[in-house]
Structures are given as structure tokens and as C-alpha cells.
>>> print(open('entry-v2.cif').read())   # mmCIF, C-alpha atoms (C1' of nucleotides)
data_model
#
loop_
_atom_site.group_PDB
_atom_site.id
_atom_site.type_symbol
_atom_site.label_atom_id
_atom_site.label_comp_id
_atom_site.auth_asym_id
_atom_site.auth_seq_id
_atom_site.Cartn_x
_atom_site.Cartn_y
_atom_site.Cartn_z
ATOM 1 C CA MET A 1 -31.382 -9.737 -13.419
ATOM 2 C CA LYS A 2 -29.457 -7.371 -11.253
ATOM 3 C CA PRO A 3 -29.797 -7.851 -7.539
ATOM 4 C CA PRO A 4 -32.319 -5.596 -5.839
ATOM 5 C CA PRO A 5 -31.120 -2.055 -5.198
ATOM 6 C CA THR A 6 -29.371 -3.086 -2.031
ATOM 7 C CA ASN A 7 -25.832 -2.328 -1.124
ATOM 8 C CA ARG A 8 -23.588 -3.942 -3.727
ATOM 9 C CA LEU A 9 -20.603 -3.952 -1.423
ATOM 10 C CA LEU A 10 -22.497 -5.910 1.207
ATOM 11 C CA ASP A 11 -23.778 -8.249 -1.460
ATOM 12 C CA ALA A 12 -20.234 -8.829 -2.692
ATOM 13 C CA HIS A 13 -19.037 -9.408 0.843
ATOM 14 C CA GLU A 14 -21.602 -12.133 1.447
ATOM 15 C CA ARG A 15 -20.594 -13.933 -1.700
ATOM 16 C CA LEU A 16 -16.867 -13.654 -1.064
ATOM 17 C CA ILE A 17 -17.226 -15.010 2.457
ATOM 18 C CA VAL A 18 -19.039 -18.046 1.115
ATOM 19 C CA HIS A 19 -16.941 -18.537 -1.996
ATOM 20 C CA TYR A 20 -13.554 -18.339 -0.294
ATOM 21 C CA ASN A 21 -14.753 -19.713 3.026
ATOM 22 C CA ILE A 22 -13.034 -16.846 4.796
ATOM 23 C CA ASN A 23 -11.877 -18.174 8.090
ATOM 24 C CA ARG A 24 -8.206 -18.014 7.596
ATOM 25 C CA TRP A 25 -6.015 -15.448 5.959
ATOM 26 C CA HIS A 26 -2.651 -14.061 6.884
ATOM 27 C CA TRP A 27 -4.148 -12.254 9.877
ATOM 28 C CA THR A 28 -6.325 -14.488 12.007
ATOM 29 C CA GLU A 29 -8.133 -13.805 15.246
ATOM 30 C CA ASP A 30 -5.121 -14.764 17.284
ATOM 31 C CA THR A 31 -2.495 -12.913 15.277
ATOM 32 C CA GLY A 32 -0.751 -10.627 17.733
ATOM 33 C CA PRO A 33 -0.624 -6.845 17.411
ATOM 34 C CA LEU A 34 3.085 -6.912 16.668
ATOM 35 C CA ASP A 35 2.658 -9.053 13.566
ATOM 36 C CA ILE A 36 -0.230 -6.932 12.379
ATOM 37 C CA CYS A 37 1.559 -3.643 12.849
ATOM 38 C CA LEU A 38 4.883 -4.756 11.397
ATOM 39 C CA GLY A 39 3.057 -6.354 8.502
ATOM 40 C CA ALA A 40 1.076 -3.189 7.869
ATOM 41 C CA LEU A 41 4.256 -1.152 7.752
ATOM 42 C CA LEU A 42 6.232 -3.606 5.655
ATOM 43 C CA VAL A 43 3.508 -4.249 3.095
ATOM 44 C CA GLN A 44 3.467 -0.643 1.909
ATOM 45 C CA HIS A 45 3.801 -0.834 -1.874
ATOM 46 C CA THR A 46 5.136 -4.362 -1.520
ATOM 47 C CA SER A 47 3.838 -7.848 -2.215
ATOM 48 C CA TRP A 48 2.812 -9.894 0.799
ATOM 49 C CA ALA A 49 5.182 -12.755 -0.022
ATOM 50 C CA ASN A 50 8.128 -10.424 0.448
ATOM 51 C CA VAL A 51 6.670 -9.225 3.736
ATOM 52 C CA GLU A 52 6.417 -12.770 5.053
ATOM 53 C CA THR A 53 10.037 -13.400 4.197
ATOM 54 C CA ALA A 54 11.036 -10.262 6.044
ATOM 55 C CA LEU A 55 8.958 -11.192 9.116
ATOM 56 C CA THR A 56 10.484 -14.648 9.167
ATOM 57 C CA ARG A 57 13.958 -13.172 9.054
ATOM 58 C CA LEU A 58 13.102 -10.883 11.964
ATOM 59 C CA ARG A 59 11.882 -13.871 13.948
ATOM 60 C CA GLU A 60 14.913 -15.998 13.194
ATOM 61 C CA ALA A 61 17.177 -13.139 14.231
ATOM 62 C CA GLY A 62 15.339 -12.711 17.525
ATOM 63 C CA ALA A 63 14.278 -9.248 16.411
ATOM 64 C CA HIS A 64 10.577 -9.949 16.554
ATOM 65 C CA SER A 65 9.727 -7.788 19.562
ATOM 66 C CA ILE A 66 9.427 -4.145 20.492
ATOM 67 C CA GLU A 67 12.382 -4.451 22.845
ATOM 68 C CA ALA A 68 14.631 -5.998 20.220
ATOM 69 C CA LEU A 69 13.689 -3.384 17.632
ATOM 70 C CA LEU A 70 14.578 -0.658 20.108
ATOM 71 C CA LYS A 71 18.036 -2.095 20.590
ATOM 72 C CA LEU A 72 18.902 -2.807 16.981
ATOM 73 C CA SER A 73 20.247 -0.087 14.721
ATOM 74 C CA GLU A 74 18.330 0.945 11.641
ATOM 75 C CA THR A 75 21.082 -0.566 9.540
ATOM 76 C CA GLU A 76 20.698 -3.917 11.274
ATOM 77 C CA ILE A 77 16.936 -3.861 10.930
ATOM 78 C CA GLY A 78 17.267 -2.834 7.321
ATOM 79 C CA ALA A 79 19.425 -5.863 6.577
ATOM 80 C CA LEU A 80 16.851 -8.177 8.149
ATOM 81 C CA ILE A 81 13.856 -6.759 6.313
ATOM 82 C CA LEU A 82 15.663 -6.325 3.013
ATOM 83 C CA PRO A 83 13.372 -8.742 1.121
ATOM 84 C CA ALA A 84 10.456 -6.388 1.755
ATOM 85 C CA GLY A 85 12.301 -3.639 -0.084
ATOM 86 C CA MET A 86 13.065 -0.042 0.788
ATOM 87 C CA PRO A 87 15.207 -0.980 3.808
ATOM 88 C CA VAL A 88 16.286 2.548 4.683
ATOM 89 C CA GLY A 89 12.784 3.936 4.960
ATOM 90 C CA LYS A 90 11.116 0.853 6.391
ATOM 91 C CA SER A 91 13.726 0.191 9.047
ATOM 92 C CA ARG A 92 13.240 3.733 10.254
ATOM 93 C CA ARG A 93 9.492 3.175 10.315
ATOM 94 C CA LEU A 94 9.811 0.020 12.380
ATOM 95 C CA LYS A 95 12.105 1.745 14.810
ATOM 96 C CA VAL A 96 9.923 4.823 15.172
ATOM 97 C CA PHE A 97 6.890 2.606 15.655
ATOM 98 C CA ALA A 98 8.660 0.570 18.344
ATOM 99 C CA GLU A 99 9.458 3.812 20.130
ATOM 100 C CA LEU A 100 5.831 4.875 19.893
ATOM 101 C CA VAL A 101 4.630 1.630 21.454
ATOM 102 C CA ALA A 102 7.274 1.737 24.161
ATOM 103 C CA SER A 103 6.466 5.342 25.019
ATOM 104 C CA HIS A 104 2.928 4.254 25.849
ATOM 105 C CA GLY A 105 4.008 1.300 27.922
ATOM 106 C CA GLY A 106 3.207 -1.329 25.294
ATOM 107 C CA PHE A 107 0.348 -2.118 22.952
ATOM 108 C CA GLU A 108 -2.252 -2.136 25.699
ATOM 109 C CA GLY A 109 -1.374 1.368 26.707
ATOM 110 C CA LEU A 110 -1.201 2.599 23.133
ATOM 111 C CA PHE A 111 -4.549 1.100 22.151
ATOM 112 C CA ASP A 112 -6.374 2.085 25.318
ATOM 113 C CA ARG A 113 -7.946 5.262 23.963
ATOM 114 C CA PRO A 114 -10.798 6.208 21.636
ATOM 115 C CA ALA A 115 -10.358 5.159 18.033
ATOM 116 C CA VAL A 116 -10.295 8.716 16.733
ATOM 117 C CA GLU A 117 -7.601 9.670 19.179
ATOM 118 C CA LEU A 118 -5.557 6.584 18.353
ATOM 119 C CA ARG A 119 -5.856 7.298 14.652
ATOM 120 C CA THR A 120 -4.649 10.863 15.109
ATOM 121 C CA LEU A 121 -1.757 9.612 17.187
ATOM 122 C CA LEU A 122 -0.784 7.087 14.526
ATOM 123 C CA LEU A 123 -1.082 9.615 11.706
ATOM 124 C CA GLY A 124 1.391 11.821 13.515
ATOM 125 C CA THR A 125 3.952 9.026 13.459
ATOM 126 C CA TYR A 126 6.544 8.864 10.694
ATOM 127 C CA GLY A 127 5.713 6.265 8.081
ATOM 128 C CA ILE A 128 2.099 5.825 9.091
ATOM 129 C CA GLY A 129 -0.386 7.251 6.614
ATOM 130 C CA PRO A 130 -4.168 6.867 6.526
ATOM 131 C CA GLU A 131 -4.291 3.267 5.333
ATOM 132 C CA THR A 132 -1.659 1.940 7.705
ATOM 133 C CA ALA A 133 -3.316 3.790 10.569
ATOM 134 C CA ASP A 134 -6.706 2.326 9.739
ATOM 135 C CA VAL A 135 -5.309 -1.198 9.466
ATOM 136 C CA ILE A 136 -3.785 -0.872 12.907
ATOM 137 C CA VAL A 137 -6.992 0.583 14.336
ATOM 138 C CA LEU A 138 -9.189 -2.162 12.884
ATOM 139 C CA TYR A 139 -7.012 -5.258 13.136
ATOM 140 C CA ALA A 140 -4.568 -4.586 15.952
ATOM 141 C CA ALA A 141 -6.516 -2.264 18.257
ATOM 142 C CA LYS A 142 -9.831 -3.890 17.312
ATOM 143 C CA HIS A 143 -11.880 -0.749 16.933
ATOM 144 C CA PRO A 144 -14.659 -1.038 14.314
ATOM 145 C CA GLY A 145 -13.119 1.378 11.816
ATOM 146 C CA VAL A 146 -12.820 0.964 8.051
ATOM 147 C CA VAL A 147 -9.852 0.426 5.756
ATOM 148 C CA HIS A 148 -9.458 1.671 2.233
ATOM 149 C CA ASP A 149 -6.747 0.320 -0.039
ATOM 150 C CA ALA A 150 -5.903 -0.392 -3.650
ATOM 151 C CA TYR A 151 -7.881 -3.651 -3.552
ATOM 152 C CA THR A 152 -10.989 -1.929 -2.265
ATOM 153 C CA ALA A 153 -10.711 0.683 -4.976
ATOM 154 C CA ARG A 154 -10.307 -2.020 -7.623
ATOM 155 C CA LEU A 155 -13.246 -4.044 -6.434
ATOM 156 C CA CYS A 156 -15.550 -1.073 -5.999
ATOM 157 C CA GLY A 157 -14.498 0.196 -9.404
ATOM 158 C CA ARG A 158 -15.655 -3.084 -10.909
ATOM 159 C CA LEU A 159 -18.848 -2.960 -8.909
ATOM 160 C CA GLY A 160 -19.441 0.559 -10.154
ATOM 161 C CA ILE A 161 -19.676 2.020 -6.670
ATOM 162 C CA GLY A 162 -17.662 4.389 -4.522
ATOM 163 C CA PRO A 163 -17.493 8.003 -3.336
ATOM 164 C CA GLY A 164 -16.640 9.368 -6.765
ATOM 165 C CA THR A 165 -13.218 10.720 -5.873
ATOM 166 C CA ASN A 166 -9.875 9.112 -5.219
ATOM 167 C CA ARG A 167 -9.146 10.920 -1.986
ATOM 168 C CA TYR A 168 -8.630 8.635 0.962
ATOM 169 C CA GLU A 169 -10.817 10.595 3.359
ATOM 170 C CA ASP A 170 -13.690 10.497 0.898
ATOM 171 C CA TRP A 171 -13.377 6.717 0.601
ATOM 172 C CA ARG A 172 -13.160 6.384 4.333
ATOM 173 C CA ALA A 173 -16.320 8.404 4.893
ATOM 174 C CA TRP A 174 -18.094 6.409 2.213
ATOM 175 C CA LEU A 175 -17.059 3.072 3.687
ATOM 176 C CA GLU A 176 -17.999 4.281 7.144
ATOM 177 C CA ALA A 177 -21.493 5.071 5.920
ATOM 178 C CA THR A 178 -21.766 1.923 3.820
ATOM 179 C CA LEU A 179 -20.549 -0.829 6.150
ATOM 180 C CA PRO A 180 -22.420 -1.884 9.283
ATOM 181 C CA TYR A 181 -20.820 -0.588 12.440
ATOM 182 C CA ASP A 182 -19.538 -3.966 13.542
ATOM 183 C CA LEU A 183 -15.980 -4.986 14.292
ATOM 184 C CA ASP A 184 -16.190 -8.549 13.077
ATOM 185 C CA TYR A 185 -18.108 -7.626 9.953
ATOM 186 C CA ARG A 186 -15.603 -4.960 8.965
ATOM 187 C CA ARG A 187 -12.595 -7.149 9.612
ATOM 188 C CA ARG A 188 -14.038 -9.966 7.546
ATOM 189 C CA ASN A 189 -15.186 -7.613 4.815
ATOM 190 C CA HIS A 190 -11.735 -6.233 4.230
ATOM 191 C CA ALA A 191 -10.148 -9.654 4.550
ATOM 192 C CA ALA A 192 -12.532 -10.991 1.943
ATOM 193 C CA ILE A 193 -11.611 -8.250 -0.497
ATOM 194 C CA VAL A 194 -7.923 -8.947 0.030
ATOM 195 C CA VAL A 195 -8.320 -12.682 -0.491
ATOM 196 C CA HIS A 196 -10.435 -12.150 -3.587
ATOM 197 C CA CYS A 197 -8.031 -9.725 -5.211
ATOM 198 C CA LYS A 198 -4.991 -11.810 -4.401
ATOM 199 C CA GLU A 199 -6.314 -15.178 -5.427
ATOM 200 C CA LEU A 200 -8.425 -14.369 -8.387
ATOM 201 C CA CYS A 201 -9.411 -10.858 -9.208
ATOM 202 C CA ARG A 202 -6.032 -9.519 -10.221
ATOM 203 C CA THR A 203 -4.690 -12.339 -12.310
ATOM 204 C CA LYS A 204 -7.961 -13.333 -13.909
ATOM 205 C CA PRO A 205 -10.253 -10.321 -14.183
ATOM 206 C CA LEU A 206 -12.620 -12.177 -16.460
ATOM 207 C CA CYS A 207 -12.408 -15.524 -14.729
ATOM 208 C CA ASN A 208 -15.529 -17.610 -15.138
ATOM 209 C CA ALA A 209 -15.215 -18.723 -11.545
ATOM 210 C CA CYS A 210 -15.495 -15.178 -10.225
ATOM 211 C CA PRO A 211 -18.252 -15.180 -7.612
ATOM 212 C CA LEU A 212 -19.079 -11.583 -8.508
ATOM 213 C CA ARG A 213 -19.309 -12.070 -12.228
ATOM 214 C CA ASP A 214 -22.898 -10.981 -12.605
ATOM 215 C CA ILE A 215 -22.600 -7.805 -10.545
ATOM 216 C CA CYS A 216 -19.215 -6.585 -11.774
ATOM 217 C CA GLU A 217 -18.782 -4.062 -14.511
ATOM 218 C CA TYR A 218 -15.683 -5.294 -16.262
ATOM 219 C CA VAL A 219 -15.905 -2.536 -18.807
ATOM 220 C CA SER A 220 -12.458 -1.067 -18.425
ATOM 221 C CA GLU A 221 -10.789 -4.472 -18.184
ATOM 222 C CA VAL A 222 -12.612 -5.753 -21.211
ATOM 223 C CA LEU A 223 -11.557 -2.769 -23.270
ATOM 224 C CA ASP A 224 -8.000 -2.968 -22.001
ATOM 225 C CA GLY A 225 -7.827 -6.682 -22.632
ATOM 226 C CA ALA A 226 -9.202 -6.270 -26.130
ATOM 227 C CA GLY A 227 -6.659 -3.581 -26.825
ATOM 228 C CA LYS A 228 -9.353 -1.106 -27.748
ATOM 229 C "C1'" DA B 1 13.481 -6.178 -20.275
ATOM 230 C "C1'" DC B 2 9.654 -4.483 -18.548
ATOM 231 C "C1'" DC B 3 5.704 -3.841 -14.999
ATOM 232 C "C1'" DC B 4 3.707 -3.942 -10.689
ATOM 233 C "C1'" DA B 5 2.964 -4.547 -5.589
ATOM 234 C "C1'" DG B 6 -2.587 -3.819 0.085
ATOM 235 C "C1'" DG B 7 1.807 3.485 0.782
ATOM 236 C "C1'" DG B 8 4.068 7.388 2.483
ATOM 237 C "C1'" DT B 9 7.225 11.356 2.400
ATOM 238 C "C1'" DC B 10 9.091 15.168 0.395
ATOM 239 C "C1'" DA B 11 9.554 18.758 -3.051
ATOM 240 C "C1'" DT B 12 7.324 21.714 -6.370
ATOM 241 C "C1'" DA B 13 3.495 24.765 -8.682
ATOM 242 C "C1'" DT C 1 -4.866 20.882 -3.573
ATOM 243 C "C1'" DA C 2 -2.497 18.118 -6.656
ATOM 244 C "C1'" DT C 3 0.873 15.940 -9.132
ATOM 245 C "C1'" DG C 4 5.593 13.630 -9.492
ATOM 246 C "C1'" DA C 5 10.052 11.504 -7.938
ATOM 247 C "C1'" DC C 6 11.660 8.372 -4.904
ATOM 248 C "C1'" DC C 7 12.068 4.237 -2.248
ATOM 249 C "C1'" DA C 8 13.937 -1.351 -3.747
ATOM 250 C "C1'" DT C 9 13.030 -6.303 -3.755
ATOM 251 C "C1'" DG C 10 10.867 -10.326 -6.045
ATOM 252 C "C1'" DG C 11 7.460 -12.355 -9.142
ATOM 253 C "C1'" DG C 12 4.797 -12.314 -13.464
#
>>> encode(input="entry-v2.cif", output="C-alpha cells")
Amino acid sequence: MKPPPTNRLLDAHERLIVHYNINRWHWTEDTGPLDICLGALLVQHTSWANVETALTRLREAGAHSIEALLKLSETEIGALILPAGMPVGKSRRLKVFAELVASHGGFEGLFDRPAVELRTLLLGTYGIGPETADVIVLYAAKHPGVVHDAYTARLCGRLGIGPGTNRYEDWRAWLEATLPYDLDYRRRNHAAIVVHCKELCRTKPLCNACPLRDICEYVSEVLDGAGK
DNA sequence: ACCCAGGGTCATA
DNA sequence: TATGACCATGGG
């Protein structure tokens, strides 16, 4: 009864798109690069609800721009983004990122280079690791890259697929080879995984409504849940 | 009173 | 290379 030996990740993607009717999520087609980048930095090891609160506070304080972030001190930024946690580190990250953008004459200038070059540039920036860099490349700069994250690892683990290691570069290479080279497809694929994990997959791993029920291997969750 | 969250940096071995 | 401490708030 298993699906034909096609790509299980692509199969899952199709189902998630239909099941959740993925047209809207916290980053839509018209979300600006600033929101995407700040969100990507603030969400590090933090729940999205806290990130939204922090972004709202930045907006209300008139600090929602590269220029404003350049002027504010790290202490001031830290106070504004406090709900997202780790204010010392994250305020520094926002500030360093604002300086990066400004030094290239704005987002256009920063993004106007090959994806590989942009990624290297981002990885050399304090506070930007592989995942954050890939999110910026895919969603803000709109290059058809891939993103690996905890949700992807969880989903693929349940699907019984993946590169076989837990190193980011291995996952990235695997995703690159697995997903069609298409900007829109890759953006929607990752968005679908995020929506699925947030709305259903985490809280109810054995939910009857799970659109992936018949292709998931819930082995570890079942054993954990049964206390075995 | 725990545990975890869409990571990343820094210090050790 | 690989593992661990640390960051820090808010929700389950």
C-alpha cells in the first residue's frame, strides 16, 4: 500500500500543500526582506510567537528599518526585542546585520550577486549560521536554494528519509539533490513543512488527521509515547 | 517545576 | 571533528 518508489519528500509536499491550503503563512510573497531577515535572526532557538511580539515592538518604536537599527544602541535594541529572548546576543546580531546591509547600499545591493557568493558573505557575518543564511537566500534574496531546520529533520525522520547524518551540509546537499530546482517550489515546500510541524505534527504526532499518516514511520514516537 | 523552541558562538579534547 | 555550556523569554 505504500506509494510507488517515488520521492517521499515530494509526495509529502503535495499532500501538505493541499491539506493546509498553503497560500498564507507568516512570510508571504509580499513580505519585505527586512521582516524576513529580522525574523530569521530572532527566531533562532525561539518560538515564532515571541518573534512576532518582538517585531511588533520594533515597529511601534519606529525601529523597524535598517537606518533606525544603525542609530540605536545594542542596549536599546535589546530592550525592544526582549520577548524573543537572548537580548544581548540578538541585539548585536541585528546591529551587525544592519551594518552589513548598509555597507552594500541596501538589500538590492546585498542580494545582487550569485547565491553561492551571497551565502558565503552571510556565513561570514556574526550571528548568521547555515540555516539563517539559507533562509535569507531563499526567502529574502529569492534564489532557489534549500533550507534545512529542525522541522525538516523531524519530518524526514518520520518519513524515514534523509542523508543519514546530522551535519547541516550533508542535509543541504541531500535537499539540493532531492528538491526540484525551482524557487517557488522550494519556498512552498519549506513553508509547508513549517506549517505542518507547527499546527499538527509536534503536538499530535499520532493525530488521525495527519495527512501523512500512511507514509510516516512513527516508530520512535510510538515507543516514546508508550513509555517503552 | 520542568521542558522546549525553525540556531549560533565559543571553549575544550 | 565533535560535543557541551551558554544565551533567556514565554507557552505547554
>>> interface_residues(input="entry-v2.cif", of="chain B", to="chain A", cutoff="7 Å", atoms="all atoms listed in the file", output="PyMOL selection string")
chain B and resi 5-8
>>> interface_residues(input="entry-v2.cif", of="chain A", to="chain C", cutoff="8 Å", atoms="all atoms listed in the file", output="number ranges by chain")
A: 50, 82-87, 89
>>> write_last_selection(input="entry-v2.cif", atoms="C-alpha atoms", output="short mmCIF file (atom, residue, chain, number, x, y, z; two decimals), keeping the file's coordinate frame")
data_model
loop_
_atom_site.label_atom_id
_atom_site.label_comp_id
_atom_site.auth_asym_id
_atom_site.auth_seq_id
_atom_site.Cartn_x
_atom_site.Cartn_y
_atom_site.Cartn_z
CA ASN A 50 8.13 -10.42 0.45
CA LEU A 82 15.66 -6.32 3.01
CA PRO A 83 13.37 -8.74 1.12
CA ALA A 84 10.46 -6.39 1.76
CA GLY A 85 12.30 -3.64 -0.08
CA MET A 86 13.06 -0.04 0.79
CA PRO A 87 15.21 -0.98 3.81
CA GLY A 89 12.78 3.94 4.96
#
>>> atom_distance(input="entry-v2.cif", atom1="atom CA of Ala141 of chain A", atom2="atom CA of Lys95 of chain A")
19.4 Å
>>> atom_distance(input="entry-v2.cif", atom1="atom CA of Phe111 of chain A", atom2="atom CA of Ala177 of chain A")
23.8 Å
>>> atom_distance(input="entry-v2.cif", atom1="atom CA of Tyr20 of chain A", atom2="atom CA of Ala191 of chain A")
10.5 Å
>>> closest_residue(input="entry-v2.cif", among="A:Lys90, A:Arg119, A:Arg188, A:Arg8", to="Glu217 of chain A", atoms="all atoms listed in the file")
A:Arg8
>>> residues_around(input="entry-v2.cif", residues="segment 9-12 of chain A", least_positions_apart="3", cutoff="9 Å", atoms="all atoms listed in the file", output="list in words")
Pro3, Thr6, Arg15, Leu16, Ile17, Leu155, Cys156, Leu159, Ile161, Thr178, Leu179, Asn189, Ile193, Pro211, Leu212 and Ile215 of chain A
